[in-house]
Structures are given as structure tokens and as C-alpha cells.
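File shown: run.cif (mmCIF, C-alpha atoms, pLDDT in the B column; chains and numbers go by the auth columns).
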```cif
data_final
loop_
_atom_site.group_PDB
_atom_site.id
_atom_site.type_symbol
_atom_site.label_atom_id
_atom_site.label_comp_id
_atom_site.label_asym_id
_atom_site.label_seq_id
_atom_site.Cartn_x
_atom_site.Cartn_y
_atom_site.Cartn_z
_atom_site.B_iso_or_equiv
_atom_site.auth_seq_id
_atom_site.auth_asym_id
ATOM 1 C CA MET A 1 53.884 -39.750 -24.125 46.00 26 A
ATOM 2 C CA GLU A 2 54.153 -37.428 -27.114 49.00 27 A
ATOM 3 C CA ASN A 3 56.120 -40.059 -29.052 63.00 28 A
ATOM 4 C CA HIS A 4 53.609 -42.703 -28.098 67.00 29 A
ATOM 5 C CA SER A 5 50.766 -40.487 -29.319 70.00 30 A
ATOM 6 C CA THR A 6 52.555 -39.837 -32.576 91.00 31 A
ATOM 7 C CA ALA A 7 53.164 -43.544 -33.174 94.00 32 A
ATOM 8 C CA LEU A 8 49.493 -44.312 -32.494 95.00 33 A
ATOM 9 C CA ASP A 9 48.463 -41.395 -34.726 97.00 34 A
ATOM 10 C CA THR A 10 50.434 -42.671 -37.707 97.00 35 A
ATOM 11 C CA ALA A 11 49.464 -46.307 -37.077 97.00 36 A
ATOM 12 C CA PHE A 12 45.724 -45.528 -36.954 98.00 37 A
ATOM 13 C CA ARG A 13 46.015 -43.219 -39.974 97.00 38 A
ATOM 14 C CA ALA A 14 47.783 -45.958 -41.947 98.00 39 A
ATOM 15 C CA LEU A 15 45.038 -48.431 -40.990 98.00 40 A
ATOM 16 C CA ALA A 16 42.299 -46.103 -42.314 97.00 41 A
ATOM 17 C CA ASP A 17 42.526 -47.490 -45.853 97.00 42 A
ATOM 18 C CA PRO A 18 41.204 -50.809 -47.262 96.00 43 A
ATOM 19 C CA THR A 19 44.215 -51.385 -49.566 97.00 44 A
ATOM 20 C CA ARG A 20 46.680 -50.935 -46.714 98.00 45 A
ATOM 21 C CA ARG A 21 44.624 -53.181 -44.421 97.00 46 A
ATOM 22 C CA ALA A 22 44.501 -55.867 -47.137 97.00 47 A
ATOM 23 C CA VAL A 23 48.289 -55.662 -47.598 98.00 48 A
ATOM 24 C CA LEU A 24 48.768 -56.097 -43.848 98.00 49 A
ATOM 25 C CA GLY A 25 46.342 -59.028 -43.862 97.00 50 A
ATOM 26 C CA ARG A 26 48.440 -60.687 -46.578 96.00 51 A
ATOM 27 C CA LEU A 27 51.717 -60.020 -44.749 96.00 52 A
ATOM 28 C CA MET A 28 50.402 -61.612 -41.537 95.00 53 A
ATOM 29 C CA ARG A 29 50.697 -64.914 -43.435 93.00 54 A
ATOM 30 C CA GLY A 30 54.372 -64.231 -44.204 94.00 55 A
ATOM 31 C CA PRO A 31 56.758 -61.902 -46.070 95.00 56 A
ATOM 32 C CA ALA A 32 56.018 -61.177 -49.740 97.00 57 A
ATOM 33 C CA PRO A 33 57.668 -59.346 -52.653 97.00 58 A
ATOM 34 C CA VAL A 34 56.110 -56.030 -53.745 97.00 59 A
ATOM 35 C CA LYS A 35 55.060 -57.493 -57.122 95.00 60 A
ATOM 36 C CA GLU A 36 53.021 -60.240 -55.449 96.00 61 A
ATOM 37 C CA LEU A 37 51.516 -57.792 -52.933 97.00 62 A
ATOM 38 C CA ALA A 38 50.411 -55.439 -55.720 97.00 63 A
ATOM 39 C CA LYS A 39 48.762 -58.142 -57.870 96.00 64 A
ATOM 40 C CA PRO A 40 45.264 -58.192 -56.279 96.00 65 A
ATOM 41 C CA PHE A 41 44.822 -54.426 -56.595 96.00 66 A
ATOM 42 C CA ASP A 42 43.486 -52.596 -59.585 94.00 67 A
ATOM 43 C CA MET A 43 45.902 -49.662 -59.407 95.00 68 A
ATOM 44 C CA GLY A 44 49.174 -48.565 -60.954 95.00 69 A
ATOM 45 C CA LEU A 45 52.420 -49.519 -59.250 95.00 70 A
ATOM 46 C CA PRO A 46 53.250 -45.879 -58.288 96.00 71 A
ATOM 47 C CA SER A 47 49.917 -45.567 -56.401 97.00 72 A
ATOM 48 C CA PHE A 48 50.476 -48.929 -54.760 97.00 73 A
ATOM 49 C CA MET A 49 54.014 -47.938 -53.736 97.00 74 A
ATOM 50 C CA LYS A 50 52.568 -44.865 -51.996 98.00 75 A
ATOM 51 C CA HIS A 51 50.461 -47.168 -49.819 98.00 76 A
ATOM 52 C CA LEU A 52 53.538 -49.247 -48.972 98.00 77 A
ATOM 53 C CA LYS A 53 55.391 -46.050 -48.104 98.00 78 A
ATOM 54 C CA VAL A 54 52.635 -45.043 -45.647 97.00 79 A
ATOM 55 C CA LEU A 55 52.787 -48.498 -44.044 98.00 80 A
ATOM 56 C CA GLU A 56 56.565 -48.381 -43.819 97.00 81 A
ATOM 57 C CA GLU A 57 56.686 -44.815 -42.437 96.00 82 A
ATOM 58 C CA SER A 58 54.171 -45.771 -39.767 96.00 83 A
ATOM 59 C CA ARG A 59 56.408 -48.754 -38.933 96.00 84 A
ATOM 60 C CA LEU A 60 53.661 -51.283 -39.628 97.00 85 A
ATOM 61 C CA ILE A 61 55.874 -52.983 -42.206 98.00 86 A
ATOM 62 C CA THR A 62 59.530 -53.113 -43.138 97.00 87 A
ATOM 63 C CA SER A 63 61.038 -53.859 -46.530 96.00 88 A
ATOM 64 C CA GLU A 64 64.379 -55.030 -47.854 96.00 89 A
ATOM 65 C CA LYS A 65 65.715 -55.063 -51.387 95.00 90 A
ATOM 66 C CA VAL A 66 67.853 -57.999 -52.445 95.00 91 A
ATOM 67 C CA GLY A 67 68.964 -57.798 -56.062 96.00 92 A
ATOM 68 C CA ARG A 68 65.931 -56.497 -57.951 94.00 93 A
ATOM 69 C CA VAL A 69 63.324 -57.842 -55.544 96.00 94 A
ATOM 70 C CA ARG A 70 61.942 -55.794 -52.647 96.00 95 A
ATOM 71 C CA THR A 71 60.366 -57.993 -49.986 97.00 96 A
ATOM 72 C CA CYS A 72 57.977 -56.664 -47.342 97.00 97 A
ATOM 73 C CA ARG A 73 57.288 -58.085 -43.940 96.00 98 A
ATOM 74 C CA VAL A 74 54.984 -57.031 -41.142 96.00 99 A
ATOM 75 C CA ARG A 75 56.186 -55.465 -37.856 95.00 100 A
ATOM 76 C CA MET A 76 53.898 -56.285 -34.987 94.00 101 A
ATOM 77 C CA GLU A 77 54.854 -53.596 -32.418 95.00 102 A
ATOM 78 C CA GLN A 78 52.633 -50.785 -33.711 94.00 103 A
ATOM 79 C CA LEU A 79 49.715 -53.082 -34.454 95.00 104 A
ATOM 80 C CA ALA A 80 50.013 -54.411 -30.901 95.00 105 A
ATOM 81 C CA ALA A 81 50.082 -50.839 -29.538 96.00 106 A
ATOM 82 C CA ALA A 82 46.915 -49.975 -31.479 97.00 107 A
ATOM 83 C CA GLU A 83 45.166 -53.152 -30.326 96.00 108 A
ATOM 84 C CA ASN A 84 46.256 -52.497 -26.727 96.00 109 A
ATOM 85 C CA TRP A 85 44.878 -48.974 -26.805 97.00 110 A
ATOM 86 C CA LEU A 86 41.505 -50.244 -28.036 97.00 111 A
ATOM 87 C CA SER A 87 41.346 -53.068 -25.510 96.00 112 A
ATOM 88 C CA GLU A 88 42.220 -50.658 -22.664 96.00 113 A
ATOM 89 C CA GLN A 89 39.239 -48.533 -23.674 96.00 114 A
ATOM 90 C CA ARG A 90 36.962 -51.564 -23.732 95.00 115 A
ATOM 91 C CA VAL A 91 38.145 -52.573 -20.240 94.00 116 A
ATOM 92 C CA LEU A 92 37.298 -49.060 -18.950 94.00 117 A
ATOM 93 C CA TRP A 93 33.901 -49.281 -20.593 93.00 118 A
ATOM 94 C CA GLU A 94 33.208 -52.783 -19.248 92.00 119 A
ATOM 95 C CA ALA A 95 34.217 -51.687 -15.729 90.00 120 A
ATOM 96 C CA ARG A 96 31.621 -48.954 -15.949 87.00 121 A
ATOM 97 C CA THR A 97 28.985 -51.309 -17.319 81.00 122 A
ATOM 98 C CA ASP A 98 29.719 -53.687 -14.425 80.00 123 A
ATOM 99 C CA ARG A 99 29.366 -50.831 -11.930 80.00 124 A
ATOM 100 C CA LEU A 100 26.034 -49.858 -13.484 80.00 125 A
ATOM 101 C CA THR A 101 24.833 -53.461 -13.288 81.00 126 A
ATOM 102 C CA ASP A 102 25.903 -53.665 -9.624 81.00 127 A
ATOM 103 C CA TYR A 103 24.097 -50.403 -8.929 79.00 128 A
ATOM 104 C CA VAL A 104 20.870 -51.550 -10.582 83.00 129 A
ATOM 105 C CA GLU A 105 21.021 -54.948 -8.864 83.00 130 A
ATOM 106 C CA ASN A 106 21.635 -53.311 -5.492 82.00 131 A
ATOM 107 C CA ARG A 107 18.722 -50.951 -6.048 82.00 132 A
ATOM 108 C CA MET A 108 16.517 -53.899 -6.961 80.00 133 A
ATOM 109 C CA SER A 109 17.569 -55.844 -3.862 79.00 134 A
ATOM 110 C CA TRP A 110 16.921 -52.789 -1.636 73.00 135 A
ATOM 111 C CA SER A 111 13.532 -52.393 -3.175 74.00 136 A
ATOM 112 C CA GLU A 112 12.812 -56.107 -2.572 70.00 137 A
ATOM 113 C CA ASP A 113 13.853 -55.566 1.072 67.00 138 A
ATOM 114 C CA ASP A 114 11.447 -52.624 1.249 62.00 139 A
ATOM 115 C CA ASP A 115 8.649 -54.823 -0.057 57.00 140 A
ATOM 116 C CA GLY A 116 9.453 -57.632 2.410 46.00 141 A
ATOM 117 C CA MET B 1 32.104 -55.421 -47.524 46.00 23 B
ATOM 118 C CA GLU B 2 32.354 -51.915 -48.943 49.00 24 B
ATOM 119 C CA ASN B 3 30.257 -50.519 -46.095 63.00 25 B
ATOM 120 C CA HIS B 4 32.335 -52.427 -43.568 67.00 26 B
ATOM 121 C CA SER B 5 35.539 -51.060 -45.102 70.00 27 B
ATOM 122 C CA THR B 6 34.167 -47.550 -45.029 91.00 28 B
ATOM 123 C CA ALA B 7 33.156 -47.850 -41.376 93.00 29 B
ATOM 124 C CA LEU B 8 36.635 -49.146 -40.459 95.00 30 B
ATOM 125 C CA ASP B 9 38.221 -46.379 -42.581 97.00 31 B
ATOM 126 C CA THR B 10 36.379 -43.623 -40.743 97.00 32 B
ATOM 127 C CA ALA B 11 36.852 -45.268 -37.334 97.00 33 B
ATOM 128 C CA PHE B 12 40.620 -45.632 -37.748 98.00 34 B
ATOM 129 C CA ARG B 13 40.887 -42.113 -39.192 97.00 35 B
ATOM 130 C CA ALA B 14 39.007 -40.712 -36.201 98.00 36 B
ATOM 131 C CA LEU B 15 41.323 -42.592 -33.827 98.00 37 B
ATOM 132 C CA ALA B 16 44.428 -41.064 -35.446 97.00 38 B
ATOM 133 C CA ASP B 17 44.376 -38.013 -33.187 97.00 39 B
ATOM 134 C CA PRO B 18 45.401 -37.675 -29.515 96.00 40 B
ATOM 135 C CA THR B 19 42.571 -35.242 -28.631 97.00 41 B
ATOM 136 C CA ARG B 20 39.935 -37.557 -30.053 98.00 42 B
ATOM 137 C CA ARG B 21 41.477 -40.578 -28.320 97.00 43 B
ATOM 138 C CA ALA B 22 41.526 -38.672 -25.009 97.00 44 B
ATOM 139 C CA VAL B 23 37.846 -37.711 -25.428 98.00 45 B
ATOM 140 C CA LEU B 24 36.962 -41.361 -26.059 98.00 46 B
ATOM 141 C CA GLY B 25 38.998 -42.392 -23.009 97.00 47 B
ATOM 142 C CA ARG B 26 36.973 -39.953 -20.893 96.00 48 B
ATOM 143 C CA LEU B 27 33.655 -41.134 -22.329 96.00 49 B
ATOM 144 C CA MET B 28 34.466 -44.782 -21.541 95.00 50 B
ATOM 145 C CA ARG B 29 33.942 -43.766 -17.892 93.00 51 B
ATOM 146 C CA GLY B 30 30.478 -42.411 -18.677 94.00 52 B
ATOM 147 C CA PRO B 31 28.575 -39.733 -20.640 95.00 53 B
ATOM 148 C CA ALA B 32 29.720 -36.123 -20.305 97.00 54 B
ATOM 149 C CA PRO B 33 28.580 -32.667 -21.410 97.00 55 B
ATOM 150 C CA VAL B 34 30.640 -30.948 -24.153 97.00 56 B
ATOM 151 C CA LYS B 35 31.787 -28.233 -21.762 95.00 57 B
ATOM 152 C CA GLU B 36 33.321 -30.775 -19.374 96.00 58 B
ATOM 153 C CA LEU B 37 34.888 -32.736 -22.247 97.00 59 B
ATOM 154 C CA ALA B 38 36.521 -29.608 -23.664 97.00 60 B
ATOM 155 C CA LYS B 39 38.016 -28.447 -20.345 96.00 61 B
ATOM 156 C CA PRO B 40 41.345 -30.394 -20.389 96.00 62 B
ATOM 157 C CA PHE B 41 42.256 -29.193 -23.887 95.00 63 B
ATOM 158 C CA ASP B 42 44.083 -26.015 -24.708 94.00 64 B
ATOM 159 C CA MET B 43 42.033 -25.144 -27.793 95.00 65 B
ATOM 160 C CA GLY B 44 39.072 -22.982 -28.730 95.00 66 B
ATOM 161 C CA LEU B 45 35.586 -24.471 -28.582 95.00 67 B
ATOM 162 C CA PRO B 46 35.131 -24.353 -32.406 96.00 68 B
ATOM 163 C CA SER B 47 38.282 -26.486 -32.900 97.00 69 B
ATOM 164 C CA PHE B 48 37.161 -28.863 -30.173 97.00 70 B
ATOM 165 C CA MET B 49 33.692 -29.158 -31.736 97.00 71 B
ATOM 166 C CA LYS B 50 35.339 -30.221 -35.014 98.00 72 B
ATOM 167 C CA HIS B 51 36.939 -33.156 -33.190 98.00 73 B
ATOM 168 C CA LEU B 52 33.568 -34.101 -31.696 98.00 74 B
ATOM 169 C CA LYS B 53 32.037 -33.895 -35.172 98.00 75 B
ATOM 170 C CA VAL B 54 34.656 -36.333 -36.550 97.00 76 B
ATOM 171 C CA LEU B 55 33.940 -38.728 -33.672 98.00 77 B
ATOM 172 C CA GLU B 56 30.200 -38.453 -34.201 97.00 78 B
ATOM 173 C CA GLU B 57 30.385 -38.849 -37.995 96.00 79 B
ATOM 174 C CA SER B 58 32.515 -41.961 -37.570 96.00 80 B
ATOM 175 C CA ARG B 59 29.847 -43.254 -35.131 96.00 81 B
ATOM 176 C CA LEU B 60 32.316 -43.571 -32.255 97.00 82 B
ATOM 177 C CA ILE B 61 30.161 -41.253 -30.149 98.00 83 B
ATOM 178 C CA THR B 62 26.640 -39.957 -30.112 97.00 84 B
ATOM 179 C CA SER B 63 25.359 -36.700 -28.638 96.00 85 B
ATOM 180 C CA GLU B 64 22.051 -35.339 -27.478 96.00 86 B
ATOM 181 C CA LYS B 65 21.023 -31.811 -26.624 95.00 87 B
ATOM 182 C CA VAL B 66 18.665 -31.274 -23.719 95.00 88 B
ATOM 183 C CA GLY B 67 17.914 -27.628 -23.053 96.00 89 B
ATOM 184 C CA ARG B 68 21.235 -25.837 -23.519 94.00 90 B
ATOM 185 C CA VAL B 69 23.445 -28.805 -22.634 96.00 91 B
ATOM 186 C CA ARG B 70 24.780 -31.224 -25.253 96.00 92 B
ATOM 187 C CA THR B 71 25.825 -34.536 -23.688 97.00 93 B
ATOM 188 C CA CYS B 72 28.113 -37.015 -25.455 97.00 94 B
ATOM 189 C CA ARG B 73 28.292 -40.738 -24.927 96.00 95 B
ATOM 190 C CA VAL B 74 30.454 -43.436 -26.480 96.00 96 B
ATOM 191 C CA ARG B 75 29.140 -46.029 -28.953 95.00 97 B
ATOM 192 C CA MET B 76 31.039 -49.279 -28.730 94.00 98 B
ATOM 193 C CA GLU B 77 30.192 -50.935 -32.087 95.00 99 B
ATOM 194 C CA GLN B 78 32.838 -49.247 -34.233 94.00 100 B
ATOM 195 C CA LEU B 79 35.523 -49.479 -31.551 95.00 101 B
ATOM 196 C CA ALA B 80 34.735 -53.186 -31.250 95.00 102 B
ATOM 197 C CA ALA B 81 34.968 -53.582 -35.053 96.00 103 B
ATOM 198 C CA ALA B 82 38.380 -51.884 -35.067 97.00 104 B
ATOM 199 C CA GLU B 83 39.617 -54.006 -32.165 96.00 105 B
ATOM 200 C CA ASN B 84 38.283 -57.164 -33.855 96.00 106 B
ATOM 201 C CA TRP B 85 40.077 -56.363 -37.099 97.00 107 B
ATOM 202 C CA LEU B 86 43.371 -55.918 -35.223 97.00 108 B
ATOM 203 C CA SER B 87 42.947 -59.085 -33.168 96.00 109 B
ATOM 204 C CA GLU B 88 42.115 -61.071 -36.331 96.00 110 B
ATOM 205 C CA GLN B 89 45.429 -59.918 -37.818 96.00 111 B
ATOM 206 C CA ARG B 90 47.304 -60.928 -34.673 95.00 112 B
ATOM 207 C CA VAL B 91 45.677 -64.385 -34.756 94.00 113 B
ATOM 208 C CA LEU B 92 46.826 -64.833 -38.387 94.00 114 B
ATOM 209 C CA TRP B 93 50.315 -63.743 -37.423 93.00 115 B
ATOM 210 C CA GLU B 94 50.426 -65.990 -34.344 92.00 116 B
ATOM 211 C CA ALA B 95 49.241 -68.965 -36.420 90.00 117 B
ATOM 212 C CA ARG B 96 52.159 -68.378 -38.753 87.00 118 B
ATOM 213 C CA THR B 97 54.612 -67.992 -35.856 81.00 119 B
ATOM 214 C CA ASP B 98 53.303 -71.263 -34.406 80.00 120 B
ATOM 215 C CA ARG B 99 53.767 -72.982 -37.771 80.00 121 B
ATOM 216 C CA LEU B 100 57.322 -71.670 -37.964 80.00 122 B
ATOM 217 C CA THR B 101 58.023 -72.905 -34.424 81.00 123 B
ATOM 218 C CA ASP B 102 56.596 -76.337 -35.293 81.00 124 B
ATOM 219 C CA TYR B 103 58.718 -76.426 -38.421 79.00 125 B
ATOM 220 C CA VAL B 104 61.927 -75.531 -36.581 83.00 126 B
ATOM 221 C CA GLU B 105 61.176 -77.986 -33.752 83.00 127 B
ATOM 222 C CA ASN B 106 60.445 -80.754 -36.263 82.00 128 B
ATOM 223 C CA ARG B 107 63.673 -80.014 -38.092 82.00 129 B
ATOM 224 C CA MET B 108 65.559 -80.125 -34.798 80.00 130 B
ATOM 225 C CA SER B 109 63.961 -83.428 -33.807 79.00 131 B
ATOM 226 C CA TRP B 110 64.749 -84.913 -37.259 73.00 132 B
ATOM 227 C CA SER B 111 68.314 -83.789 -36.916 74.00 133 B
ATOM 228 C CA GLU B 112 68.466 -85.366 -33.416 71.00 134 B
ATOM 229 C CA ASP B 113 67.113 -88.604 -34.945 67.00 135 B
ATOM 230 C CA ASP B 114 69.878 -88.402 -37.558 62.00 136 B
ATOM 231 C CA ASP B 115 72.451 -88.032 -34.796 57.00 137 B
ATOM 232 C CA GLY B 116 71.048 -90.983 -32.799 45.00 138 B
#
```

Spell out the structure here as C-alpha cells.
Amino acid sequence: MENHSTALDTAFRALADPTRRAVLGRLMRGPAPVKELAKPFDMGLPSFMKHLKVLEESRLITSEKVGRVRTCRVRMEQLAAAENWLSEQRVLWEARTDRLTDYVENRMSWSEDDDG
Amino acid sequence: MENHSTALDTAFRALADPTRRAVLGRLMRGPAPVKELAKPFDMGLPSFMKHLKVLEESRLITSEKVGRVRTCRVRMEQLAAAENWLSEQRVLWEARTDRLTDYVENRMSWSEDDDG
């Protein structure tokens, strides 16, 4: 449980940044070298590398250096865990909304019975 | 776009904490007063109120004080935006996985044709 919390903590923290989300969005389409990933962003390479480090430490991406080229690819496990957590919450919320609807509809049908 | 990014930034940042996620999980079942929300957590009320403040500032919850009781309730818009962003990424990734599968299957069927 504690480990699970920690993984979700670091995943959500890593997702709380537009540059890191854009990098993930690019990597969903396939692996890419760091140089290509950095191109769209108006920041120095050291700053960009810090973002990659956050993504890698939170296990949202992995990277491998072959020769002089470091290639990044996405890892889906933590993203799936984050999405699952959010969808579980929505299911809880929808169950409650359904119960409220049932309650209101039952009240309305009782009150119709009273009228009749 | 900038506003959307900022809303996702603050939502994901707020979600990066087990206490705040647990509070949200409780509120999915229905509104609750602060005192009840704080009960399961082994921390002082001022620390707990800071977590509520983060959740409220990121618009994941709202609160209202009636008399001496402050009641919190969940707001689903930002949670839905976060879930949507994650599911969009998964769809991109699945599309790529499907393309890869198609590619491999086509290659295999070509190579079967070659054999035949």
C-alpha cells in the first residue's frame, strides 16, 4: 500500500508540468531520441534533461544510450495506475449519483401514490 | 491552452499526496464536514487544513461554512479533465501498438506468401 501510494505520488507529481506532459504525449507515438524530444521546447538542454529525469525517476519513461544517442520510450504501468485511480473515484461518484437519482425518483413515485 | 495546462498542473499536483487522495476518495461517497474528514488521519488540524486548501485551490473540492460547521464536497470537472488527459494518452499509445501489430502480422503474412 505504501509503495503503491509512493508510485502514485511520484507519477502525479511528474504529470503536474506541461513540458513533461507534452514529452509523454510525443512518446505515446513511439520512442524518440532526447535531441528530437527537446526540439519543440524553448529551454536549455540541462533544464530539459531535468524534466526527463523526473519522468524517468517516476518510471513514466525509460531511456537507453546506444553510442552517442539516448533514446526515450514510454512505460505504461504508472500511467495506467494513475488512470485507474481516477476512474475508480469516478465510479464511486457515479454510484452515489445513481443512488441519489433512485432516491429522488422513489420519493417522486411515493408522492404520486399519495396524490392518487 | 495555458489555462487548461495550469488547471491540469494544479490538479495533478494536488493528487500527488496520499492524504489528499484519501480525502477525495471519501468525498466521492458524499459531502462531509471537515471534522469527520480529518478523523482518520494522524495529523494536527492545521496540517490537515493545508491539504484541504490545496484541494480547494486546485478546484477538486469546494467547501461551505454553515454556522460553525464547514462541509466539503467534491467537484468532478478537474478530476474528469485529468482522467481525460490520461485516457487520451492511452488511446494514442494503443493506436501505435495496433499499428505495430498490423505491421508484424502483415510481415508474417508476406513471409508466408513467400514460402507458399

Take the PyMOL selection byres ((chain B) within 10 of (chain A)), apply it to the structure above, and return the hits as JSON, numbers by chain. {"B": [24, 26, 27, 28, 29, 30, 31, 32, 33, 34, 35, 36, 37, 38, 39, 40, 41, 43, 46, 47, 48, 49, 50, 51, 52, 96, 98, 101, 102, 104, 105, 106, 107, 108, 109, 110, 111, 112, 113, 114, 115, 116, 117, 118, 119]}

Atoms kept (C-alpha atoms) for selection, written as an mmCIF file, keeping the file's coordinate frame:
```
data_model
loop_
_atom_site.group_PDB
_atom_site.id
_atom_site.type_symbol
_atom_site.label_atom_id
_atom_site.label_comp_id
_atom_site.auth_asym_id
_atom_site.auth_seq_id
_atom_site.Cartn_x
_atom_site.Cartn_y
_atom_site.Cartn_z
ATOM 1 C CA GLU B 24 32.354 -51.915 -48.943
ATOM 2 C CA HIS B 26 32.335 -52.427 -43.568
ATOM 3 C CA SER B 27 35.539 -51.060 -45.102
ATOM 4 C CA THR B 28 34.167 -47.550 -45.029
ATOM 5 C CA ALA B 29 33.156 -47.850 -41.376
ATOM 6 C CA LEU B 30 36.635 -49.146 -40.459
ATOM 7 C CA ASP B 31 38.221 -46.379 -42.581
ATOM 8 C CA THR B 32 36.379 -43.623 -40.743
ATOM 9 C CA ALA B 33 36.852 -45.268 -37.334
ATOM 10 C CA PHE B 34 40.620 -45.632 -37.748
ATOM 11 C CA ARG B 35 40.887 -42.113 -39.192
ATOM 12 C CA ALA B 36 39.007 -40.712 -36.201
ATOM 13 C CA LEU B 37 41.323 -42.592 -33.827
ATOM 14 C CA ALA B 38 44.428 -41.064 -35.446
ATOM 15 C CA ASP B 39 44.376 -38.013 -33.187
ATOM 16 C CA PRO B 40 45.401 -37.675 -29.515
ATOM 17 C CA THR B 41 42.571 -35.242 -28.631
ATOM 18 C CA ARG B 43 41.477 -40.578 -28.320
ATOM 19 C CA LEU B 46 36.962 -41.361 -26.059
ATOM 20 C CA GLY B 47 38.998 -42.392 -23.009
ATOM 21 C CA ARG B 48 36.973 -39.953 -20.893
ATOM 22 C CA LEU B 49 33.655 -41.134 -22.329
ATOM 23 C CA MET B 50 34.466 -44.782 -21.541
ATOM 24 C CA ARG B 51 33.942 -43.766 -17.892
ATOM 25 C CA GLY B 52 30.478 -42.411 -18.677
ATOM 26 C CA VAL B 96 30.454 -43.436 -26.480
ATOM 27 C CA MET B 98 31.039 -49.279 -28.730
ATOM 28 C CA LEU B 101 35.523 -49.479 -31.551
ATOM 29 C CA ALA B 102 34.735 -53.186 -31.250
ATOM 30 C CA ALA B 104 38.380 -51.884 -35.067
ATOM 31 C CA GLU B 105 39.617 -54.006 -32.165
ATOM 32 C CA ASN B 106 38.283 -57.164 -33.855
ATOM 33 C CA TRP B 107 40.077 -56.363 -37.099
ATOM 34 C CA LEU B 108 43.371 -55.918 -35.223
ATOM 35 C CA SER B 109 42.947 -59.085 -33.168
ATOM 36 C CA GLU B 110 42.115 -61.071 -36.331
ATOM 37 C CA GLN B 111 45.429 -59.918 -37.818
ATOM 38 C CA ARG B 112 47.304 -60.928 -34.673
ATOM 39 C CA VAL B 113 45.677 -64.385 -34.756
ATOM 40 C CA LEU B 114 46.826 -64.833 -38.387
ATOM 41 C CA TRP B 115 50.315 -63.743 -37.423
ATOM 42 C CA GLU B 116 50.426 -65.990 -34.344
ATOM 43 C CA ALA B 117 49.241 -68.965 -36.420
ATOM 44 C CA ARG B 118 52.159 -68.378 -38.753
ATOM 45 C CA THR B 119 54.612 -67.992 -35.856
#
```

The PyMOL selection byres ((chain A and resi 56-69) around 6) applied to the shown file, residues as a PDB file with C-alpha atoms, in the coordinates of the input:
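For reference, selection.pdb as written:
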```pdb
ATOM      1  CA  LEU A  52      51.717 -60.020 -44.749  1.00 96.00           C
ATOM      2  CA  GLY A  55      54.372 -64.231 -44.204  1.00 94.00           C
ATOM      3  CA  LEU A  70      52.420 -49.519 -59.250  1.00 95.00           C
ATOM      4  CA  PRO A  71      53.250 -45.879 -58.288  1.00 96.00           C
ATOM      5  CA  SER A  72      49.917 -45.567 -56.401  1.00 97.00           C
ATOM      6  CA  ARG A  95      61.942 -55.794 -52.647  1.00 96.00           C
ATOM      7  CA  THR A  96      60.366 -57.993 -49.986  1.00 97.00           C
ATOM      8  CA  CYS A  97      57.977 -56.664 -47.342  1.00 97.00           C
ATOM      9  CA  ARG A  98      57.288 -58.085 -43.940  1.00 96.00           C
TER      10      ARG A  98
END
```

In Å, how far is it from atom CA of B:Asp124 to atom CA of A:Arg100?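 So the answer is 21.0 Å.
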
In Å to one decimal, how far is atom CA of B:Thr123 from atom CA of A:Leu85? 22.7 Å

Just how far from atom CA of A:Met74 is atom CA of A:Glu102, in Å to one decimal? 22.1 Å

Around all the atoms of stretch 43-61 of chain B listed in the file, with 5 Å of room on each side, what axis-aligned box do you get, giving centre and edge lengths in Å to one decimal, as JSON?
```
{"center_x": 35.1, "center_y": -36.5, "center_z": -23.1, "size_x": 23.0, "size_y": 26.5, "size_z": 20.4}
```

Missing atoms of stretch 117-132 of chain B rebuilt to N, CA and C atoms, written as a PDB file, in the coordinates of the input:
```pdb
ATOM      1  N   ALA B 117      49.355 -67.647 -35.785  1.00 90.00           N
ATOM      2  CA  ALA B 117      49.241 -68.965 -36.420  1.00 90.00           C
ATOM      3  C   ALA B 117      50.497 -69.235 -37.238  1.00 90.00           C
ATOM      4  N   ARG B 118      50.967 -68.211 -37.937  1.00 87.00           N
ATOM      5  CA  ARG B 118      52.159 -68.378 -38.753  1.00 87.00           C
ATOM      6  C   ARG B 118      53.393 -68.604 -37.866  1.00 87.00           C
ATOM      7  N   THR B 119      53.482 -67.832 -36.773  1.00 81.00           N
ATOM      8  CA  THR B 119      54.612 -67.992 -35.856  1.00 81.00           C
ATOM      9  C   THR B 119      54.611 -69.399 -35.264  1.00 81.00           C
ATOM     10  N   ASP B 120      53.406 -69.892 -34.925  1.00 80.00           N
ATOM     11  CA  ASP B 120      53.303 -71.263 -34.406  1.00 80.00           C
ATOM     12  C   ASP B 120      53.782 -72.262 -35.447  1.00 80.00           C
ATOM     13  N   ARG B 121      53.349 -72.053 -36.707  1.00 80.00           N
ATOM     14  CA  ARG B 121      53.767 -72.982 -37.771  1.00 80.00           C
ATOM     15  C   ARG B 121      55.281 -72.979 -37.908  1.00 80.00           C
ATOM     16  N   LEU B 122      55.859 -71.769 -37.845  1.00 80.00           N
ATOM     17  CA  LEU B 122      57.322 -71.670 -37.964  1.00 80.00           C
ATOM     18  C   LEU B 122      58.002 -72.406 -36.816  1.00 80.00           C
ATOM     19  N   THR B 123      57.454 -72.225 -35.589  1.00 81.00           N
ATOM     20  CA  THR B 123      58.023 -72.905 -34.424  1.00 81.00           C
ATOM     21  C   THR B 123      57.944 -74.417 -34.604  1.00 81.00           C
ATOM     22  N   ASP B 124      56.756 -74.895 -35.035  1.00 81.00           N
ATOM     23  CA  ASP B 124      56.596 -76.337 -35.293  1.00 81.00           C
ATOM     24  C   ASP B 124      57.638 -76.818 -36.292  1.00 81.00           C
ATOM     25  N   TYR B 125      57.796 -76.045 -37.357  1.00 79.00           N
ATOM     26  CA  TYR B 125      58.718 -76.426 -38.421  1.00 79.00           C
ATOM     27  C   TYR B 125      60.141 -76.564 -37.873  1.00 79.00           C
ATOM     28  N   VAL B 126      60.565 -75.520 -37.121  1.00 83.00           N
ATOM     29  CA  VAL B 126      61.927 -75.531 -36.581  1.00 83.00           C
ATOM     30  C   VAL B 126      62.096 -76.689 -35.605  1.00 83.00           C
ATOM     31  N   GLU B 127      61.067 -76.891 -34.731  1.00 83.00           N
ATOM     32  CA  GLU B 127      61.176 -77.986 -33.752  1.00 83.00           C
ATOM     33  C   GLU B 127      61.224 -79.348 -34.442  1.00 83.00           C
ATOM     34  N   ASN B 128      60.405 -79.490 -35.509  1.00 82.00           N
ATOM     35  CA  ASN B 128      60.445 -80.754 -36.263  1.00 82.00           C
ATOM     36  C   ASN B 128      61.820 -80.974 -36.887  1.00 82.00           C
ATOM     37  N   ARG B 129      62.342 -79.908 -37.475  1.00 82.00           N
ATOM     38  CA  ARG B 129      63.673 -80.014 -38.092  1.00 82.00           C
ATOM     39  C   ARG B 129      64.694 -80.442 -37.052  1.00 82.00           C
ATOM     40  N   MET B 130      64.595 -79.804 -35.852  1.00 80.00           N
ATOM     41  CA  MET B 130      65.559 -80.125 -34.798  1.00 80.00           C
ATOM     42  C   MET B 130      65.394 -81.580 -34.378  1.00 80.00           C
ATOM     43  N   SER B 131      64.147 -82.055 -34.270  1.00 79.00           N
ATOM     44  CA  SER B 131      63.961 -83.428 -33.807  1.00 79.00           C
ATOM     45  C   SER B 131      64.421 -84.390 -34.896  1.00 79.00           C
ATOM     46  N   TRP B 132      64.211 -84.061 -36.186  1.00 73.00           N
ATOM     47  CA  TRP B 132      64.749 -84.913 -37.259  1.00 73.00           C
ATOM     48  C   TRP B 132      66.261 -84.997 -37.150  1.00 73.00           C
TER      49      TRP B 132
END
```
